[in-house]
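Here's the structure, in structure tokens; my notes come after.
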Amino acid sequence: MFFLIRKLRLRGEPFSAETRRHYGMISGMVGILLNILLFAGKLTVALLSGSVAIIADALNNLSDAGSSVITIIGFRLAGKKPDPQHPFGHGRLEYVTGFVVSIVILMMGYELAQSSIKGIISPAPIEFSTLTALVLAASIAVKLYMALYNRKLAAMLDSAALGAVSKDSLSDVAATGAVLASLIISHYTSFNLDSWAGLAVSLFILYSGFTSAKDTLAPLLGTPPSKELVDEIVKIVLSHQQIAAIHDLVVHDYGPGRLMISLHAEVPSNIDVFEAHSVIDDAENELIEKLGCEAVIHFDPIDTDDAELKRLNAIVKDVVKGIDESITIHDFRYVPGTTHTNLLFDIVVQYNGIKCDDDLKKQISDEVLKVLPNHYCVIKCDRSFV
């Protein structure tokens, strides 16, 4: 499997839906094969030794094989091309797959916890053998290998489903290690720790299932883009000299490798409208090419030659920053009159920051009036999606 990962990296292949499906299915098939072998080996030594903990560990491997089947199905379905009923593709099925795997892990952990508690209440004698120890040690090595290659592949493909599989494999390493330690201690002392080890295994499994469910459910509900992605988008768009700034950035995630990006780009109003349109097209095409996404950019004309506009804009920005550093403004305009001047602009407020309501608008307006008499604010409040 490491050879396959290196081969993927050396080729420098783009992580298209087909590439993701291919390597996701390879990971799933390897998982099925290794987990069935581990289940058979552990079940054999469990029946010979009578260990509740090893039986629990064996059943855990069997559930992992089932999870790998679900992973294969998920990657195959996620790789389907868009159709009239699903114009954005089927990429989110990969998240659904990871969540289903997490639920299976949680159910298995609960059942094993129940069996282990019964064993603690009514303990049974355990037979220790060198074969048992060797099988468990081999299982630890195999599961560690599986955790490493799935983690490497999950990072390269940005796959929540493979990330869940990697975490599950790591919890299996700890769980099997606890079982092996308990058997050794029970063999050389008078303490029967078998069922206690089984309970420890179940707790490892439950924790793994909970964290995996959390990681895979989050993108289904909708999460903000990473700072690295936002910085890359800003860098690409602002590399076009005619674009002065951007705002109202929104990133929709329809599954790994299926992003929809929209934003507003500020372009000087003194350039030809066809030139501005061409600049926006170039920025969109560069986003599509470099990020493998769909991109839509709305351009906002701004007056870069009006000295009074710049002065008023700078004053209002200072006032807003004085109220809350996290607030930004854009689309600033002014309408002068004989008795007063209207200042029109949008403010952007973070979800975890100050509340965006009429009280905030009034506070900004009052503070602006102190600095700029007879200047009245007309404020629109936006929320940041990044």
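Within each chain, counting starts at residue 1; across the structure tokens, chains are named A, B, ... in the order shown, with ligands numbered 1 upward in that order.
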Counting only C-alpha atoms, give me one row per residue of region 125-199 of chain A with an atom at most 10 Å from an atom of region 206-209 of chain A, showing the shortest contact pair and its distance in Å to one decimal, sorted by chain then residue number, as a tab-separated table.
```
residue	atom	partner	partner_atom	distance
A:Ala164	CA	A:Ser208	CA	8.1
A:Val165	CA	A:Ser208	CA	9.5
A:Ser166	CA	A:Ser208	CA	9.8
A:Lys167	CA	A:Ser208	CA	6.4
A:Asp168	CA	A:Ser208	CA	5.7
A:Ser169	CA	A:Ser208	CA	9.0
A:Leu170	CA	A:Ser208	CA	8.6
A:Ser171	CA	A:Ser208	CA	6.3
A:Asp172	CA	A:Ser208	CA	9.1
```
Selection near region 356-370 of chain A, 8 Å with only C-alpha atoms, sequence-local residues under 3 positions removed, as a PyMOL selection string: chain A and resi 316+319-320+323+349+373-377+379+381
Quick one: everything within 7 Å of Arg258 (chain A), counting only C-alpha atoms, minus sequence neighbours fewer than 5 positions away in the same chain. Send it as a list in words. Gly91, Asp253 and Cys293 of chain A
Take the residues from that selection and put them in a file with C-alpha atoms, as an mmCIF file, in the first residue's frame.
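Listing of again.cif after writing:
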```
data_model
loop_
_atom_site.group_PDB
_atom_site.id
_atom_site.type_symbol
_atom_site.label_atom_id
_atom_site.label_comp_id
_atom_site.auth_asym_id
_atom_site.auth_seq_id
_atom_site.Cartn_x
_atom_site.Cartn_y
_atom_site.Cartn_z
ATOM 1 C CA GLY A 91 -19.092 13.560 -3.311
ATOM 2 C CA ASP A 253 -18.373 21.990 -0.134
ATOM 3 C CA CYS A 293 -13.418 24.058 -8.260
#
```
Residues near region 225-241 of chain A, cut-off 6 Å, only C-alpha atoms, skip fewer than 2 positions along chain, as an NGL selection string: :A and (243 or 283 or 386)
For CA of Lys118 (chain A) and CA of Asn60 (chain A), quote the distance in Å rounded to one decimal. 17.8 Å
Could you tell me how far CA of Ile261 (chain A) lies from CA of Ile347 (chain A), in Å and to one decimal? 20.8 Å
When DSSP works through the backbone of this structure, what residues of region 169-335 of chain A end up as strand (DSSP E), shown as JSON, numbers by chain? {"A": [245, 246, 247, 248, 249, 250, 251, 252, 253, 259, 260, 261, 262, 263, 264, 265, 266, 267, 268, 294, 295, 296, 297, 298, 299, 300, 301, 302, 328, 329, 330, 331, 332, 333, 334, 335]}
Hey, can you spit out that residue selection with N, CA and C atoms as a compact mmCIF listing (two decimals), in the first residue's frame?
```txt
# COMPACT_ATOMS: atom_id res chain seq x y z
N ALA A 245 -9.45 44.47 -4.11
CA ALA A 245 -9.79 43.76 -2.87
C ALA A 245 -10.94 42.81 -3.16
N ILE A 246 -11.19 41.90 -2.22
CA ILE A 246 -12.34 41.00 -2.35
C ILE A 246 -13.13 40.98 -1.05
N HIS A 247 -14.41 40.61 -1.17
CA HIS A 247 -15.24 40.43 0.02
C HIS A 247 -16.38 39.47 -0.33
N ASP A 248 -17.22 39.16 0.67
CA ASP A 248 -18.35 38.24 0.49
C ASP A 248 -17.92 36.91 -0.11
N LEU A 249 -16.81 36.37 0.40
CA LEU A 249 -16.33 35.06 -0.06
C LEU A 249 -17.17 33.95 0.56
N VAL A 250 -17.67 33.06 -0.28
CA VAL A 250 -18.45 31.90 0.17
C VAL A 250 -17.90 30.65 -0.52
N VAL A 251 -17.65 29.60 0.27
CA VAL A 251 -17.17 28.33 -0.28
C VAL A 251 -18.16 27.24 0.09
N HIS A 252 -18.78 26.63 -0.92
CA HIS A 252 -19.71 25.52 -0.71
C HIS A 252 -18.96 24.21 -0.98
N ASP A 253 -19.06 23.28 -0.03
CA ASP A 253 -18.37 21.99 -0.13
C ASP A 253 -19.39 20.90 -0.47
N LEU A 259 -15.77 21.80 -4.96
CA LEU A 259 -16.00 23.08 -4.30
C LEU A 259 -16.69 24.06 -5.25
N MET A 260 -17.58 24.87 -4.69
CA MET A 260 -18.19 25.98 -5.41
C MET A 260 -17.78 27.26 -4.69
N ILE A 261 -17.09 28.15 -5.38
CA ILE A 261 -16.57 29.37 -4.77
C ILE A 261 -17.25 30.58 -5.41
N SER A 262 -17.73 31.50 -4.56
CA SER A 262 -18.26 32.76 -5.07
C SER A 262 -17.69 33.89 -4.22
N LEU A 263 -17.47 35.05 -4.86
CA LEU A 263 -16.92 36.20 -4.14
C LEU A 263 -17.19 37.47 -4.94
N HIS A 264 -17.00 38.59 -4.27
CA HIS A 264 -17.09 39.90 -4.90
C HIS A 264 -15.69 40.47 -5.02
N ALA A 265 -15.35 40.94 -6.20
CA ALA A 265 -14.03 41.55 -6.44
C ALA A 265 -14.20 43.03 -6.73
N GLU A 266 -13.41 43.86 -6.06
CA GLU A 266 -13.47 45.31 -6.26
C GLU A 266 -12.51 45.70 -7.39
N VAL A 267 -13.09 46.34 -8.40
CA VAL A 267 -12.34 46.73 -9.60
C VAL A 267 -12.51 48.24 -9.82
N PRO A 268 -11.44 48.97 -10.14
CA PRO A 268 -11.55 50.42 -10.37
C PRO A 268 -12.61 50.73 -11.43
N GLU A 294 -15.48 25.09 -9.00
CA GLU A 294 -16.27 25.98 -9.83
C GLU A 294 -16.21 27.35 -9.17
N ALA A 295 -16.08 28.41 -9.94
CA ALA A 295 -15.92 29.74 -9.36
C ALA A 295 -16.80 30.76 -10.07
N VAL A 296 -17.42 31.62 -9.28
CA VAL A 296 -18.23 32.72 -9.80
C VAL A 296 -17.80 33.99 -9.07
N ILE A 297 -17.40 35.01 -9.83
CA ILE A 297 -16.95 36.27 -9.23
C ILE A 297 -17.84 37.41 -9.72
N HIS A 298 -18.40 38.14 -8.78
CA HIS A 298 -19.16 39.36 -9.09
C HIS A 298 -18.23 40.55 -8.91
N PHE A 299 -18.19 41.46 -9.89
CA PHE A 299 -17.27 42.57 -9.71
C PHE A 299 -17.99 43.84 -9.28
N ASP A 300 -17.42 44.49 -8.27
CA ASP A 300 -17.95 45.74 -7.74
C ASP A 300 -17.05 46.89 -8.19
N PRO A 301 -17.59 47.83 -8.95
CA PRO A 301 -16.77 48.99 -9.34
C PRO A 301 -16.54 49.92 -8.15
N ILE A 302 -15.32 50.38 -7.98
CA ILE A 302 -15.01 51.32 -6.91
C ILE A 302 -14.31 52.54 -7.50
N THR A 328 -15.28 44.28 9.68
CA THR A 328 -14.73 44.91 8.47
C THR A 328 -15.87 45.58 7.71
N ILE A 329 -15.51 46.51 6.81
CA ILE A 329 -16.52 47.18 6.00
C ILE A 329 -16.13 47.09 4.53
N HIS A 330 -17.15 47.17 3.67
CA HIS A 330 -16.90 47.18 2.23
C HIS A 330 -18.08 47.85 1.54
N ASP A 331 -17.97 47.99 0.21
CA ASP A 331 -19.00 48.66 -0.60
C ASP A 331 -19.33 50.05 -0.04
N PHE A 332 -18.29 50.80 0.27
CA PHE A 332 -18.47 52.13 0.88
C PHE A 332 -18.78 53.17 -0.20
N ARG A 333 -19.86 53.94 0.03
CA ARG A 333 -20.25 55.01 -0.88
C ARG A 333 -20.72 56.20 -0.05
N TYR A 334 -20.77 57.34 -0.65
CA TYR A 334 -21.35 58.50 0.04
C TYR A 334 -22.20 59.31 -0.93
N VAL A 335 -23.27 59.91 -0.37
CA VAL A 335 -24.20 60.72 -1.17
C VAL A 335 -24.29 62.08 -0.50
```
Using only C-alpha atoms, which residues sit within 6 Å of region 45-56 of chain A once same-chain residues fewer than 4 positions away are excluded, as an MDAnalysis selection string? chainID A and resid 112 126:127 132 194:195 197:198
Can you check which parts of region 71-94 of chain A lie within 12 Å of region 211-216 of chain A? Per residue, the shortest pair of atoms and distance in Å to one decimal, counting only C-alpha atoms, sorted by chain and number, as a tab-separated table.
```
residue	atom	partner	partner_atom	distance
A:Arg92	CA	A:Thr216	CA	10.0
A:Leu93	CA	A:Thr216	CA	10.6
A:Glu94	CA	A:Thr216	CA	8.8
```
Please list as a JSON list (two decimals) with C-alpha atoms, in the first residue's frame every residue within 9 Å of Asp57 (chain A), counting only C-alpha atoms and excluding residues in the same chain fewer than 6 positions away.
```json
[["chain", "number", "residue", "atom", "x", "y", "z"],
["A", 39, "PHE", "CA", -10.56, -12.01, 13.02],
["A", 42, "LYS", "CA", -7.97, -14.05, 17.16],
["A", 43, "LEU", "CA", -11.14, -16.12, 17.17],
["A", 112, "LEU", "CA", -18.49, -5.27, 23.86],
["A", 172, "ASP", "CA", -7.37, -1.09, 17.78],
["A", 175, "ALA", "CA", -7.05, -2.02, 22.56],
["A", 176, "THR", "CA", -5.13, -5.13, 21.46],
["A", 179, "VAL", "CA", -5.60, -7.27, 25.92],
["A", 198, "GLY", "CA", -12.32, -6.24, 27.37],
["A", 201, "VAL", "CA", -11.16, -2.32, 24.50],
["A", 202, "SER", "CA", -14.81, -1.29, 24.37]]
```
Could you give me the residues within region 217-338 of chain A that DSSP places in helix (DSSP H, G or I), as a count of residues only? 53
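Considering only C-alpha atoms, the residue among A:Ala65, A:Leu37, A:Leu153, A:Leu221 positioned nearest to Gly255 (chain A) is A:Leu221.
Coordinates place CA of Ala200 (chain A) at a distance of 29.3 Å from CA of Ile72 (chain A).
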